>>> print(open('input-v6.cif').read())   # mmCIF, C-alpha atoms and all ligand atoms
data_data
loop_
_atom_site.group_PDB
_atom_site.id
_atom_site.type_symbol
_atom_site.label_atom_id
_atom_site.label_comp_id
_atom_site.auth_asym_id
_atom_site.auth_seq_id
_atom_site.Cartn_x
_atom_site.Cartn_y
_atom_site.Cartn_z
ATOM 1 C CA MET R 16 73.577 -58.411 141.645
ATOM 2 C CA ILE R 17 70.992 -60.512 139.857
ATOM 3 C CA SER R 18 72.473 -63.668 138.405
ATOM 4 C CA TYR R 19 69.339 -64.646 136.502
ATOM 5 C CA GLY R 20 65.667 -63.887 136.875
ATOM 6 C CA VAL R 21 62.315 -63.114 135.386
ATOM 7 C CA ALA R 22 59.505 -60.638 136.002
ATOM 8 C CA VAL R 23 55.991 -60.662 134.640
ATOM 9 C CA HIS R 24 53.170 -58.129 134.542
ATOM 10 C CA GLY R 25 49.512 -58.811 133.854
ATOM 11 C CA GLY R 26 48.534 -55.399 132.519
ATOM 12 C CA VAL R 27 47.941 -52.037 134.114
ATOM 13 C CA GLY R 28 44.443 -51.841 135.550
ATOM 14 C CA SER R 29 44.032 -55.610 135.760
ATOM 15 C CA PRO R 30 42.552 -57.013 138.967
ATOM 16 C CA ALA R 31 45.092 -57.796 141.700
ATOM 17 C CA GLU R 32 43.615 -61.316 141.959
ATOM 18 C CA PHE R 33 45.261 -62.077 138.633
ATOM 19 C CA SER R 34 48.643 -62.118 140.357
ATOM 20 C CA ASP R 35 48.418 -65.895 140.736
ATOM 21 C CA GLY R 36 48.514 -66.153 136.921
ATOM 22 C CA CYS R 37 51.629 -63.986 136.887
ATOM 23 C CA ARG R 38 53.251 -66.199 139.522
ATOM 24 C CA THR R 39 52.486 -69.380 137.570
ATOM 25 C CA ALA R 40 54.009 -67.861 134.432
ATOM 26 C CA CYS R 41 57.020 -66.613 136.387
ATOM 27 C CA GLU R 42 57.627 -70.037 137.922
ATOM 28 C CA ALA R 43 57.535 -71.712 134.523
ATOM 29 C CA ALA R 44 60.076 -69.238 133.159
ATOM 30 C CA PHE R 45 62.288 -69.389 136.236
ATOM 31 C CA GLN R 46 62.544 -73.172 136.006
ATOM 32 C CA LEU R 47 63.797 -72.828 132.448
ATOM 33 C CA LEU R 48 66.362 -70.229 133.511
ATOM 34 C CA GLU R 49 67.537 -72.467 136.349
ATOM 35 C CA ALA R 50 67.983 -75.279 133.858
ATOM 36 C CA GLY R 51 70.231 -73.011 131.792
ATOM 37 C CA LYS R 52 67.774 -72.127 129.036
ATOM 38 C CA SER R 53 67.935 -68.774 127.319
ATOM 39 C CA ALA R 54 66.145 -65.638 128.502
ATOM 40 C CA LEU R 55 64.264 -65.726 125.203
ATOM 41 C CA ASP R 56 62.966 -69.259 125.857
ATOM 42 C CA ALA R 57 61.969 -68.265 129.369
ATOM 43 C CA ALA R 58 60.221 -65.035 128.397
ATOM 44 C CA VAL R 59 58.320 -66.724 125.571
ATOM 45 C CA GLU R 60 57.211 -69.544 127.867
ATOM 46 C CA ALA R 61 55.913 -67.135 130.505
ATOM 47 C CA ALA R 62 54.062 -65.169 127.826
ATOM 48 C CA ARG R 63 52.564 -68.365 126.407
ATOM 49 C CA VAL R 64 51.303 -69.399 129.861
ATOM 50 C CA LEU R 65 49.623 -66.004 130.256
ATOM 51 C CA GLU R 66 48.141 -66.152 126.736
ATOM 52 C CA ASP R 67 46.591 -69.510 127.662
ATOM 53 C CA ASP R 68 45.307 -68.305 131.030
ATOM 54 C CA GLY R 69 42.210 -66.762 129.444
ATOM 55 C CA ARG R 70 41.833 -63.960 132.007
ATOM 56 C CA PHE R 71 44.433 -61.678 130.447
ATOM 57 C CA ASN R 72 43.970 -59.623 127.340
ATOM 58 C CA ALA R 73 46.348 -61.698 125.253
ATOM 59 C CA GLY R 74 46.051 -64.898 123.242
ATOM 60 C CA SER R 75 42.875 -66.743 124.244
ATOM 61 C CA GLY R 76 41.665 -63.865 126.454
ATOM 62 C CA SER R 77 42.051 -61.162 123.813
ATOM 63 C CA VAL R 78 39.423 -58.424 123.688
ATOM 64 C CA LEU R 79 37.141 -57.657 120.784
ATOM 65 C CA ARG R 80 37.516 -54.809 118.364
ATOM 66 C CA ILE R 81 34.777 -52.220 117.977
ATOM 67 C CA ASP R 82 32.824 -54.344 115.467
ATOM 68 C CA GLY R 83 32.118 -56.847 118.254
ATOM 69 C CA LYS R 84 33.503 -59.868 116.448
ATOM 70 C CA THR R 85 37.095 -59.280 115.343
ATOM 71 C CA VAL R 86 40.057 -60.367 117.441
ATOM 72 C CA GLU R 87 43.409 -59.010 116.307
ATOM 73 C CA MET R 88 46.509 -59.553 118.384
ATOM 74 C CA ASP R 89 50.002 -58.090 118.615
ATOM 75 C CA ALA R 90 53.044 -59.778 120.126
ATOM 76 C CA ALA R 91 56.781 -59.232 120.168
ATOM 77 C CA VAL R 92 59.994 -60.744 121.444
ATOM 78 C CA MET R 93 63.479 -59.281 121.617
ATOM 79 C CA ASP R 94 66.793 -60.134 123.221
ATOM 80 C CA SER R 95 69.881 -58.141 124.030
ATOM 81 C CA GLU R 96 71.763 -59.753 121.161
ATOM 82 C CA GLY R 97 69.628 -57.851 118.688
ATOM 83 C CA HIS R 98 67.147 -60.586 117.768
ATOM 84 C CA ILE R 99 63.609 -59.289 117.255
ATOM 85 C CA GLY R 100 60.349 -60.876 116.115
ATOM 86 C CA ALA R 101 56.886 -59.335 116.062
ATOM 87 C CA VAL R 102 53.411 -60.033 114.782
ATOM 88 C CA ILE R 103 50.949 -57.238 114.177
ATOM 89 C CA ASN R 104 47.173 -57.609 114.006
ATOM 90 C CA ILE R 105 47.369 -61.343 113.585
ATOM 91 C CA ARG R 106 44.025 -63.194 113.650
ATOM 92 C CA GLY R 107 43.049 -66.808 114.169
ATOM 93 C CA VAL R 108 45.976 -68.150 116.185
ATOM 94 C CA LYS R 109 46.063 -69.208 119.820
ATOM 95 C CA ASN R 110 49.535 -68.012 120.729
ATOM 96 C CA PRO R 111 50.747 -64.918 118.909
ATOM 97 C CA VAL R 112 53.916 -64.871 121.014
ATOM 98 C CA LEU R 113 54.966 -68.222 119.556
ATOM 99 C CA VAL R 114 54.465 -66.835 116.065
ATOM 100 C CA ALA R 115 56.508 -63.752 117.011
ATOM 101 C CA ARG R 116 59.242 -66.110 118.189
ATOM 102 C CA ALA R 117 59.083 -67.872 114.818
ATOM 103 C CA VAL R 118 59.344 -64.524 113.008
ATOM 104 C CA LEU R 119 62.516 -63.905 115.020
ATOM 105 C CA GLY R 120 63.982 -67.006 113.380
ATOM 106 C CA SER R 121 62.959 -65.863 109.891
ATOM 107 C CA PRO R 122 64.636 -63.330 107.599
ATOM 108 C CA HIS R 123 62.096 -60.735 108.804
ATOM 109 C CA VAL R 124 61.562 -58.759 111.975
ATOM 110 C CA ALA R 125 57.800 -58.210 111.810
ATOM 111 C CA MET R 126 54.843 -59.751 109.993
ATOM 112 C CA ALA R 127 51.334 -58.315 109.862
ATOM 113 C CA GLY R 128 47.760 -59.325 109.174
ATOM 114 C CA ARG R 129 46.985 -61.993 106.592
ATOM 115 C CA GLY R 130 50.632 -62.567 105.755
ATOM 116 C CA ALA R 131 51.413 -63.198 109.399
ATOM 117 C CA GLN R 132 48.567 -65.669 109.615
ATOM 118 C CA ALA R 133 49.699 -67.482 106.457
ATOM 119 C CA PHE R 134 53.240 -67.597 107.875
ATOM 120 C CA ALA R 135 51.852 -69.115 111.088
ATOM 121 C CA ARG R 136 49.826 -71.734 109.215
ATOM 122 C CA ARG R 137 52.851 -72.773 107.187
ATOM 123 C CA LEU R 138 54.640 -73.439 110.446
ATOM 124 C CA GLY R 139 51.752 -75.519 111.766
ATOM 125 C CA PHE R 140 49.952 -73.052 114.039
ATOM 126 C CA GLY R 141 46.352 -74.218 113.692
ATOM 127 C CA PRO R 142 43.207 -72.081 113.452
ATOM 128 C CA TYR R 143 41.833 -70.636 116.682
ATOM 129 C CA TYR R 144 38.957 -68.283 117.295
ATOM 130 C CA GLU R 145 37.312 -68.015 120.657
ATOM 131 C CA VAL R 146 35.930 -65.047 122.490
ATOM 132 C CA SER R 147 36.327 -65.431 126.236
ATOM 133 C CA GLU R 148 33.418 -64.594 128.521
ATOM 134 C CA ARG R 149 35.433 -61.737 129.942
ATOM 135 C CA ALA R 150 36.153 -60.326 126.498
ATOM 136 C CA ALA R 151 32.470 -60.516 125.533
ATOM 137 C CA ALA R 152 31.426 -58.847 128.797
ATOM 138 C CA ASN R 153 34.086 -56.192 128.318
ATOM 139 C CA TYR R 154 32.694 -55.375 124.897
ATOM 140 C CA GLU R 155 29.187 -54.971 126.256
ATOM 141 C CA ARG R 156 30.471 -52.810 129.110
ATOM 142 C CA ILE R 157 32.343 -50.537 126.765
ATOM 143 C CA LYS R 158 29.348 -50.234 124.500
ATOM 144 C CA SER R 159 27.070 -49.229 127.327
ATOM 145 C CA ARG R 160 29.565 -46.923 129.058
ATOM 146 C CA MET R 161 30.405 -45.093 125.894
ATOM 147 C CA GLY R 162 26.791 -44.345 125.214
ATOM 148 C CA LYS R 163 25.149 -44.756 121.841
ATOM 149 C CA GLU R 164 26.379 -41.534 120.374
ATOM 150 C CA ASP R 165 30.005 -42.002 121.333
ATOM 151 C CA PHE R 166 29.942 -45.602 120.253
ATOM 152 C CA HIS R 167 28.716 -44.766 116.772
ATOM 153 C CA PHE R 168 31.110 -41.880 116.589
ATOM 154 C CA PHE R 169 33.969 -44.174 117.516
ATOM 155 C CA ARG R 170 32.976 -46.740 114.943
ATOM 156 C CA GLN R 171 33.294 -44.077 112.282
ATOM 157 C CA TRP R 172 36.334 -42.269 113.508
ATOM 158 C CA VAL R 173 38.649 -42.236 116.485
ATOM 159 C CA GLY R 174 39.039 -38.802 118.038
ATOM 160 C CA GLU R 175 41.934 -38.027 120.349
ATOM 161 C CA GLN R 176 39.602 -37.514 123.283
ATOM 162 C CA LYS R 177 37.847 -40.782 122.758
ATOM 163 C CA ILE R 178 40.898 -42.918 122.456
ATOM 164 C CA SER R 179 42.640 -41.274 125.392
ATOM 165 C CA GLY R 180 39.543 -41.843 127.463
ATOM 166 C CA GLY R 181 40.042 -38.370 128.916
ATOM 167 C CA LYS R 182 37.003 -38.659 131.164
ATOM 168 C CA GLY R 183 37.954 -42.090 132.408
ATOM 169 C CA LYS R 184 35.761 -43.805 129.854
ATOM 170 C CA ALA R 185 35.755 -47.564 129.533
ATOM 171 C CA LYS R 186 39.200 -48.853 128.824
ATOM 172 C CA ARG R 187 40.567 -52.326 128.975
ATOM 173 C CA THR R 188 44.184 -53.332 129.038
ATOM 174 C CA ASP R 189 45.101 -56.514 130.991
ATOM 175 C CA THR R 190 47.786 -57.199 128.457
ATOM 176 C CA ILE R 191 50.916 -59.116 129.434
ATOM 177 C CA GLY R 192 54.680 -58.653 129.404
ATOM 178 C CA VAL R 193 57.766 -60.528 130.568
ATOM 179 C CA VAL R 194 61.391 -59.511 131.103
ATOM 180 C CA ALA R 195 64.119 -62.076 131.738
ATOM 181 C CA LEU R 196 67.866 -62.404 132.301
ATOM 182 C CA ASP R 197 69.617 -65.729 131.761
ATOM 183 C CA LYS R 198 72.735 -67.283 133.255
ATOM 184 C CA LYS R 199 74.781 -66.093 130.296
ATOM 185 C CA GLY R 200 73.809 -62.490 131.010
ATOM 186 C CA VAL R 201 71.464 -62.136 128.015
ATOM 187 C CA PHE R 202 68.256 -60.134 128.508
ATOM 188 C CA SER R 203 64.974 -60.787 126.771
ATOM 189 C CA VAL R 204 61.476 -59.344 126.668
ATOM 190 C CA ALA R 205 58.170 -60.784 125.425
ATOM 191 C CA SER R 206 54.854 -58.942 125.176
ATOM 192 C CA SER R 207 51.438 -59.916 123.899
ATOM 193 C CA THR R 208 48.085 -58.158 123.703
ATOM 194 C CA GLY R 209 44.656 -58.071 122.148
ATOM 195 C CA GLY R 210 44.948 -54.261 122.169
ATOM 196 C CA ALA R 211 43.499 -51.459 124.266
ATOM 197 C CA SER R 212 39.763 -51.273 123.818
ATOM 198 C CA PRO R 213 37.804 -49.486 122.531
ATOM 199 C CA MET R 214 39.667 -49.697 119.258
ATOM 200 C CA LEU R 215 38.987 -49.925 115.557
ATOM 201 C CA VAL R 216 39.702 -52.993 113.467
ATOM 202 C CA GLY R 217 43.245 -52.517 112.189
ATOM 203 C CA ARG R 218 44.440 -50.337 115.065
ATOM 204 C CA VAL R 219 48.009 -51.103 116.169
ATOM 205 C CA GLY R 220 49.325 -50.277 119.620
ATOM 206 C CA ASP R 221 52.800 -50.162 121.101
ATOM 207 C CA THR R 222 53.139 -53.847 121.945
ATOM 208 C CA PRO R 223 54.689 -54.897 118.601
ATOM 209 C CA MET R 224 56.701 -51.672 118.156
ATOM 210 C CA VAL R 225 60.325 -51.893 119.179
ATOM 211 C CA GLY R 226 61.329 -49.223 121.683
ATOM 212 C CA CYS R 227 57.693 -48.414 122.470
ATOM 213 C CA GLY R 228 56.065 -51.461 124.092
ATOM 214 C CA PHE R 229 59.275 -53.431 124.541
ATOM 215 C CA TYR R 230 63.043 -53.160 124.448
ATOM 216 C CA ALA R 231 66.032 -55.275 125.442
ATOM 217 C CA GLY R 232 69.713 -54.362 125.329
ATOM 218 C CA PRO R 233 72.914 -55.221 127.168
ATOM 219 C CA GLU R 234 71.829 -53.086 130.138
ATOM 220 C CA GLY R 235 68.375 -54.538 130.663
ATOM 221 C CA ALA R 236 64.917 -55.417 129.415
ATOM 222 C CA ILE R 237 61.759 -53.299 129.565
ATOM 223 C CA ALA R 238 58.075 -54.153 129.028
ATOM 224 C CA VAL R 239 55.320 -51.538 128.878
ATOM 225 C CA THR R 240 51.567 -51.842 129.313
ATOM 226 C CA GLY R 241 48.879 -49.217 128.942
ATOM 227 C CA LEU R 242 47.520 -46.919 126.325
ATOM 228 C CA GLY R 243 49.694 -47.749 123.334
ATOM 229 C CA GLU R 244 49.118 -44.442 121.573
ATOM 230 C CA GLU R 245 50.851 -42.583 124.403
ATOM 231 C CA SER R 246 53.629 -45.116 124.820
ATOM 232 C CA ILE R 247 54.398 -44.809 121.110
ATOM 233 C CA ARG R 248 54.544 -41.010 121.320
ATOM 234 C CA LYS R 249 57.201 -41.252 124.031
ATOM 235 C CA MET R 250 58.982 -44.390 122.737
ATOM 236 C CA LEU R 251 58.523 -45.411 126.315
ATOM 237 C CA ALA R 252 60.445 -48.691 126.512
ATOM 238 C CA LYS R 253 63.559 -47.195 124.919
ATOM 239 C CA THR R 254 63.218 -44.088 127.068
ATOM 240 C CA VAL R 255 63.283 -46.251 130.196
ATOM 241 C CA TYR R 256 66.112 -48.351 128.780
ATOM 242 C CA ASP R 257 68.226 -45.240 128.223
ATOM 243 C CA MET R 258 67.635 -44.199 131.821
ATOM 244 C CA VAL R 259 68.731 -47.554 133.259
ATOM 245 C CA ALA R 260 71.702 -47.591 130.882
ATOM 246 C CA GLU R 261 72.768 -44.245 132.343
ATOM 247 C CA GLY R 262 72.760 -45.809 135.804
ATOM 248 C CA MET R 263 69.412 -44.676 137.165
ATOM 249 C CA GLY R 264 67.842 -47.525 139.140
ATOM 250 C CA ALA R 265 65.168 -49.659 137.477
ATOM 251 C CA ARG R 266 62.367 -48.438 139.683
ATOM 252 C CA ALA R 267 63.380 -44.777 139.536
ATOM 253 C CA SER R 268 63.558 -45.018 135.739
ATOM 254 C CA CYS R 269 60.063 -46.507 135.497
ATOM 255 C CA GLU R 270 58.700 -43.815 137.787
ATOM 256 C CA LYS R 271 60.422 -41.010 135.932
ATOM 257 C CA ALA R 272 59.067 -42.283 132.612
ATOM 258 C CA LEU R 273 55.509 -42.267 133.960
ATOM 259 C CA GLY R 274 56.022 -38.615 134.795
ATOM 260 C CA LEU R 275 56.519 -37.857 131.106
ATOM 261 C CA LEU R 276 52.949 -38.865 130.296
ATOM 262 C CA PRO R 277 49.737 -36.841 130.421
ATOM 263 C CA GLN R 278 48.084 -37.363 133.800
ATOM 264 C CA HIS R 279 44.974 -39.192 132.659
ATOM 265 C CA VAL R 280 46.940 -41.903 130.840
ATOM 266 C CA ASP R 281 47.102 -45.390 132.340
ATOM 267 C CA MET R 282 50.528 -46.921 132.010
ATOM 268 C CA GLY R 283 52.641 -49.595 133.666
ATOM 269 C CA ILE R 284 56.306 -50.446 133.173
ATOM 270 C CA ILE R 285 58.561 -53.254 134.383
ATOM 271 C CA ALA R 286 62.345 -53.183 134.053
ATOM 272 C CA LEU R 287 65.038 -55.744 134.807
ATOM 273 C CA THR R 288 68.758 -54.994 134.945
ATOM 274 C CA LYS R 289 71.721 -56.929 136.342
ATOM 275 C CA ASN R 290 71.495 -54.761 139.470
ATOM 276 C CA ASP R 291 67.808 -54.581 140.153
ATOM 277 C CA TYR R 292 64.193 -55.061 139.204
ATOM 278 C CA GLY R 293 61.754 -52.170 139.180
ATOM 279 C CA ALA R 294 58.181 -51.397 138.279
ATOM 280 C CA ALA R 295 55.803 -48.465 138.321
ATOM 281 C CA SER R 296 52.212 -48.043 137.258
ATOM 282 C CA THR R 297 49.462 -45.475 137.399
ATOM 283 C CA ARG R 298 46.941 -48.097 138.560
ATOM 284 C CA LYS R 299 47.149 -51.546 140.083
ATOM 285 C CA MET R 300 49.151 -53.968 137.979
ATOM 286 C CA PRO R 301 49.423 -57.665 138.875
ATOM 287 C CA MET R 302 53.056 -58.737 138.807
ATOM 288 C CA ALA R 303 55.446 -61.464 139.857
ATOM 289 C CA GLN R 304 59.205 -61.591 139.993
ATOM 290 C CA TYR R 305 61.708 -64.362 140.727
ATOM 291 C CA SER R 306 65.424 -63.904 140.690
ATOM 292 C CA ALA R 307 68.592 -65.620 141.803
ATOM 293 C CA ILE R 308 71.014 -63.283 143.518
ATOM 294 C CA ARG R 309 74.712 -63.576 142.796
ATOM 295 C CA PRO R 310 76.544 -64.376 146.052
HETATM 296 N N1 LIG M 401 49.673 -51.417 125.172
HETATM 297 C C1 LIG M 401 48.603 -52.203 124.665
HETATM 298 C C2 LIG M 401 48.001 -51.502 123.478
HETATM 299 O O1 LIG M 401 47.883 -50.308 123.490
HETATM 300 C C3 LIG M 401 47.563 -52.470 125.656
HETATM 301 C C4 LIG M 401 48.092 -52.742 127.017
HETATM 302 O O2 LIG M 401 49.245 -52.766 127.264
HETATM 303 O O3 LIG M 401 47.333 -52.951 127.925
HETATM 304 O O4 LIG M 401 47.634 -52.178 122.561
#
>>> encode(input="input-v6.cif", output="structure tokens", more="lines below")
Ligand code: ASP
Amino acid sequence: MISYGVAVHGGVGSPAEFSDGCRTACEAAFQLLEAGKSALDAAVEAARVLEDDGRFNAGSGSVLRIDGKTVEMDAAVMDSEGHIGAVINIRGVKNPVLVARAVLGSPHVAMAGRGAQAFARRLGFGPYYEVSERAAANYERIKSRMGKEDFHFFRQWVGEQKISGGKGKAKRTDTIGVVALDKKGVFSVASSTGGASPMLVGRVGDTPMVGCGFYAGPEGAIAVTGLGEESIRKMLAKTVYDMVAEGMGARASCEKALGLLPQHVDMGIIALTKNDYGAASTRKMPMAQYSAIRP
């Protein structure tokens, strides 16, 4: 039995070398849990550390939209006591997950776009706009791999084939997610992303959608990474949650959920319950996990 613990992923398809970033984030969260802080505090802290890392597609490392200059980010937090906060397509802030946490404390559940940014400013989150070297290089790579014709096509309209990357076309995830369980037995999840490129300005993925990119309930917490369009279609996080709630192990549930997806889709899932931790992904996914076992 897990007494308390935390697990972090750094995005499906991200380089394995990024695992050190996951470990640093995990350690920060685990220390908070050891000190008796809530799972929500711990998950948010781990997500903030990863947003500030710069290598992940979240916060300061967020990728560019198809226009080559816009950064729009999604983030969400939830705990097993029914508290939820999300920001959708927020621009100009350094840590969307902290704004999502603030939304959780507001009368609302989700804030989007300009309103979300105004909300953040009112709470003192200062302006931030930086495009990381990795994000800039990623944009150029996508542009060249897509080819001129596809690129212009995509700018005008997103076809199913293009967005699914059916032929393994350039895709970038590297988004981040955290699941945590505190000493009081409360679960929490935090997720943050710059989106799954290539994508139009205004596109929203699964990360800020409850039950799709994230879910937490009395039986566990789930974080999903990968092509948001497919995760939304399957309400993937809630699907995995329902499996663990029925008693299927965390890992088996993650694996079974991957089997529900079309084969070409990249997806990764982490799940934490009081019994176990489990993960599954279609490609490499940097991860870290610390837990205290009940004697
Ligand atoms: N799920 C995110 C999105 O579709 C991206 C990711 O997880 O890598 O926006």
>>> residues_near_ligand(input="input-v6.cif", ligand="ligand LIG 401 (chain M)", cutoff="8 Å", atoms="all atoms listed in the file", output="PDB file with C-alpha atoms, keeping the file's coordinate frame")
ATOM      1  CA  GLY R  26      48.534 -55.399 132.519  1.00  0.00           C
ATOM      2  CA  VAL R  27      47.941 -52.037 134.114  1.00  0.00           C
ATOM      3  CA  ASN R  72      43.970 -59.623 127.340  1.00  0.00           C
ATOM      4  CA  ASP R  89      50.002 -58.090 118.615  1.00  0.00           C
ATOM      5  CA  ARG R 187      40.567 -52.326 128.975  1.00  0.00           C
ATOM      6  CA  THR R 188      44.184 -53.332 129.038  1.00  0.00           C
ATOM      7  CA  ASP R 189      45.101 -56.514 130.991  1.00  0.00           C
ATOM      8  CA  THR R 190      47.786 -57.199 128.457  1.00  0.00           C
ATOM      9  CA  ILE R 191      50.916 -59.116 129.434  1.00  0.00           C
ATOM     10  CA  THR R 208      48.085 -58.158 123.703  1.00  0.00           C
ATOM     11  CA  GLY R 209      44.656 -58.071 122.148  1.00  0.00           C
ATOM     12  CA  GLY R 210      44.948 -54.261 122.169  1.00  0.00           C
ATOM     13  CA  ALA R 211      43.499 -51.459 124.266  1.00  0.00           C
ATOM     14  CA  VAL R 219      48.009 -51.103 116.169  1.00  0.00           C
ATOM     15  CA  GLY R 220      49.325 -50.277 119.620  1.00  0.00           C
ATOM     16  CA  ASP R 221      52.800 -50.162 121.101  1.00  0.00           C
ATOM     17  CA  THR R 222      53.139 -53.847 121.945  1.00  0.00           C
ATOM     18  CA  GLY R 228      56.065 -51.461 124.092  1.00  0.00           C
ATOM     19  CA  VAL R 239      55.320 -51.538 128.878  1.00  0.00           C
ATOM     20  CA  THR R 240      51.567 -51.842 129.313  1.00  0.00           C
ATOM     21  CA  GLY R 241      48.879 -49.217 128.942  1.00  0.00           C
ATOM     22  CA  LEU R 242      47.520 -46.919 126.325  1.00  0.00           C
ATOM     23  CA  GLY R 243      49.694 -47.749 123.334  1.00  0.00           C
ATOM     24  CA  GLU R 244      49.118 -44.442 121.573  1.00  0.00           C
ATOM     25  CA  SER R 246      53.629 -45.116 124.820  1.00  0.00           C
ATOM     26  CA  MET R 282      50.528 -46.921 132.010  1.00  0.00           C
ATOM     27  CA  GLY R 283      52.641 -49.595 133.666  1.00  0.00           C
TER      28      GLY R 283
END
>>> closest_residue(input="input-v6.cif", among="R:Val118, R:Cys37, R:Met16, R:Val92", to="Ala205 (chain R)", atoms="only C-alpha atoms")
R:Val92
>>> closest_residue(input="input-v6.cif", among="R:Glu42, R:Ser203, R:Pro122, R:Ser34", to="Ala91 (chain R)", atoms="all atoms listed in the file")
R:Ser203
>>> resolve_selection(input="input-v6.cif", expression="the PyMOL selection byres (((chain R and resi 31) around 9) and not hetatm)", output="ChimeraX atom specification")
/R:28-30,32-35,299-302
>>> resolve_selection(input="input-v6.cif", expression="the PyMOL selection byres (((chain R and resi 147) around 9) and not hetatm)", output="VMD selection string")
chain R and resid 69 to 70 75 to 78 145 to 146 148 to 152
>>> resolve_selection(input="input-v6.cif", expression="the PyMOL selection byres (((chain R and resi 293) around 12) and not hetatm)", output="mmCIF file with C-alpha atoms, in the frame of the given file")
data_model
loop_
_atom_site.group_PDB
_atom_site.id
_atom_site.type_symbol
_atom_site.label_atom_id
_atom_site.label_comp_id
_atom_site.auth_asym_id
_atom_site.auth_seq_id
_atom_site.Cartn_x
_atom_site.Cartn_y
_atom_site.Cartn_z
ATOM 1 C CA VAL R 21 62.315 -63.114 135.386
ATOM 2 C CA ALA R 22 59.505 -60.638 136.002
ATOM 3 C CA VAL R 23 55.991 -60.662 134.640
ATOM 4 C CA HIS R 24 53.170 -58.129 134.542
ATOM 5 C CA VAL R 194 61.391 -59.511 131.103
ATOM 6 C CA GLY R 235 68.375 -54.538 130.663
ATOM 7 C CA ALA R 236 64.917 -55.417 129.415
ATOM 8 C CA ILE R 237 61.759 -53.299 129.565
ATOM 9 C CA ALA R 238 58.075 -54.153 129.028
ATOM 10 C CA VAL R 255 63.283 -46.251 130.196
ATOM 11 C CA TYR R 256 66.112 -48.351 128.780
ATOM 12 C CA VAL R 259 68.731 -47.554 133.259
ATOM 13 C CA MET R 263 69.412 -44.676 137.165
ATOM 14 C CA GLY R 264 67.842 -47.525 139.140
ATOM 15 C CA ALA R 265 65.168 -49.659 137.477
ATOM 16 C CA ARG R 266 62.367 -48.438 139.683
ATOM 17 C CA ALA R 267 63.380 -44.777 139.536
ATOM 18 C CA SER R 268 63.558 -45.018 135.739
ATOM 19 C CA CYS R 269 60.063 -46.507 135.497
ATOM 20 C CA GLU R 270 58.700 -43.815 137.787
ATOM 21 C CA LYS R 271 60.422 -41.010 135.932
ATOM 22 C CA GLY R 283 52.641 -49.595 133.666
ATOM 23 C CA ILE R 284 56.306 -50.446 133.173
ATOM 24 C CA ILE R 285 58.561 -53.254 134.383
ATOM 25 C CA ALA R 286 62.345 -53.183 134.053
ATOM 26 C CA LEU R 287 65.038 -55.744 134.807
ATOM 27 C CA THR R 288 68.758 -54.994 134.945
ATOM 28 C CA LYS R 289 71.721 -56.929 136.342
ATOM 29 C CA ASN R 290 71.495 -54.761 139.470
ATOM 30 C CA ASP R 291 67.808 -54.581 140.153
ATOM 31 C CA TYR R 292 64.193 -55.061 139.204
ATOM 32 C CA ALA R 294 58.181 -51.397 138.279
ATOM 33 C CA ALA R 295 55.803 -48.465 138.321
ATOM 34 C CA SER R 296 52.212 -48.043 137.258
ATOM 35 C CA MET R 302 53.056 -58.737 138.807
ATOM 36 C CA ALA R 303 55.446 -61.464 139.857
ATOM 37 C CA GLN R 304 59.205 -61.591 139.993
#
>>> atom_distance(input="input-v6.cif", atom1="CA of Tyr144 (chain R)", atom2="CA of Arg129 (chain R)")
14.8 Å
>>> closest_residue(input="input-v6.cif", among="R:Ala260, R:Ile308, R:Arg248, R:Arg136", to="Leu275 (chain R)", atoms="only C-alpha atoms")
R:Arg248
>>> closest_residue(input="input-v6.cif", among="R:Leu276, R:Met93, R:Ile157, R:Val201", to="Tyr230 (chain R)", atoms="only C-alpha atoms")
R:Met93
>>> closest_residue(input="input-v6.cif", among="R:His123, R:Arg106, R:Arg160, R:His98", to="Lys84 (chain R)", atoms="all atoms listed in the file")
R:Arg106
>>> closest_residue(input="input-v6.cif", among="R:His279, R:Gly200, R:Tyr19, R:Tyr154", to="Ala50 (chain R)", atoms="only C-alpha atoms")
R:Tyr19
>>> atom_distance(input="input-v6.cif", atom1="CA of Phe134 (chain R)", atom2="CA of Leu65 (chain R)")
22.7 Å
>>> residues_around(input="input-v6.cif", residues="Ala90 (chain R)", least_positions_apart="2", cutoff="6 Å", atoms="only C-alpha atoms", output="PyMOL selection string")
chain R and resi 101-102+111-112+206-207+223
>>> write_last_selection(input="input-v6.cif", atoms="C-alpha atoms", output="PDB file, in the frame of the given file")
ATOM      1  CA  ALA R 101      56.886 -59.335 116.062  1.00  0.00           C
ATOM      2  CA  VAL R 102      53.411 -60.033 114.782  1.00  0.00           C
ATOM      3  CA  PRO R 111      50.747 -64.918 118.909  1.00  0.00           C
ATOM      4  CA  VAL R 112      53.916 -64.871 121.014  1.00  0.00           C
ATOM      5  CA  SER R 206      54.854 -58.942 125.176  1.00  0.00           C
ATOM      6  CA  SER R 207      51.438 -59.916 123.899  1.00  0.00           C
ATOM      7  CA  PRO R 223      54.689 -54.897 118.601  1.00  0.00           C
TER       8      PRO R 223
END
>>> atom_distance(input="input-v6.cif", atom1="CA of Gly83 (chain R)", atom2="CA of Glu66 (chain R)")
20.4 Å
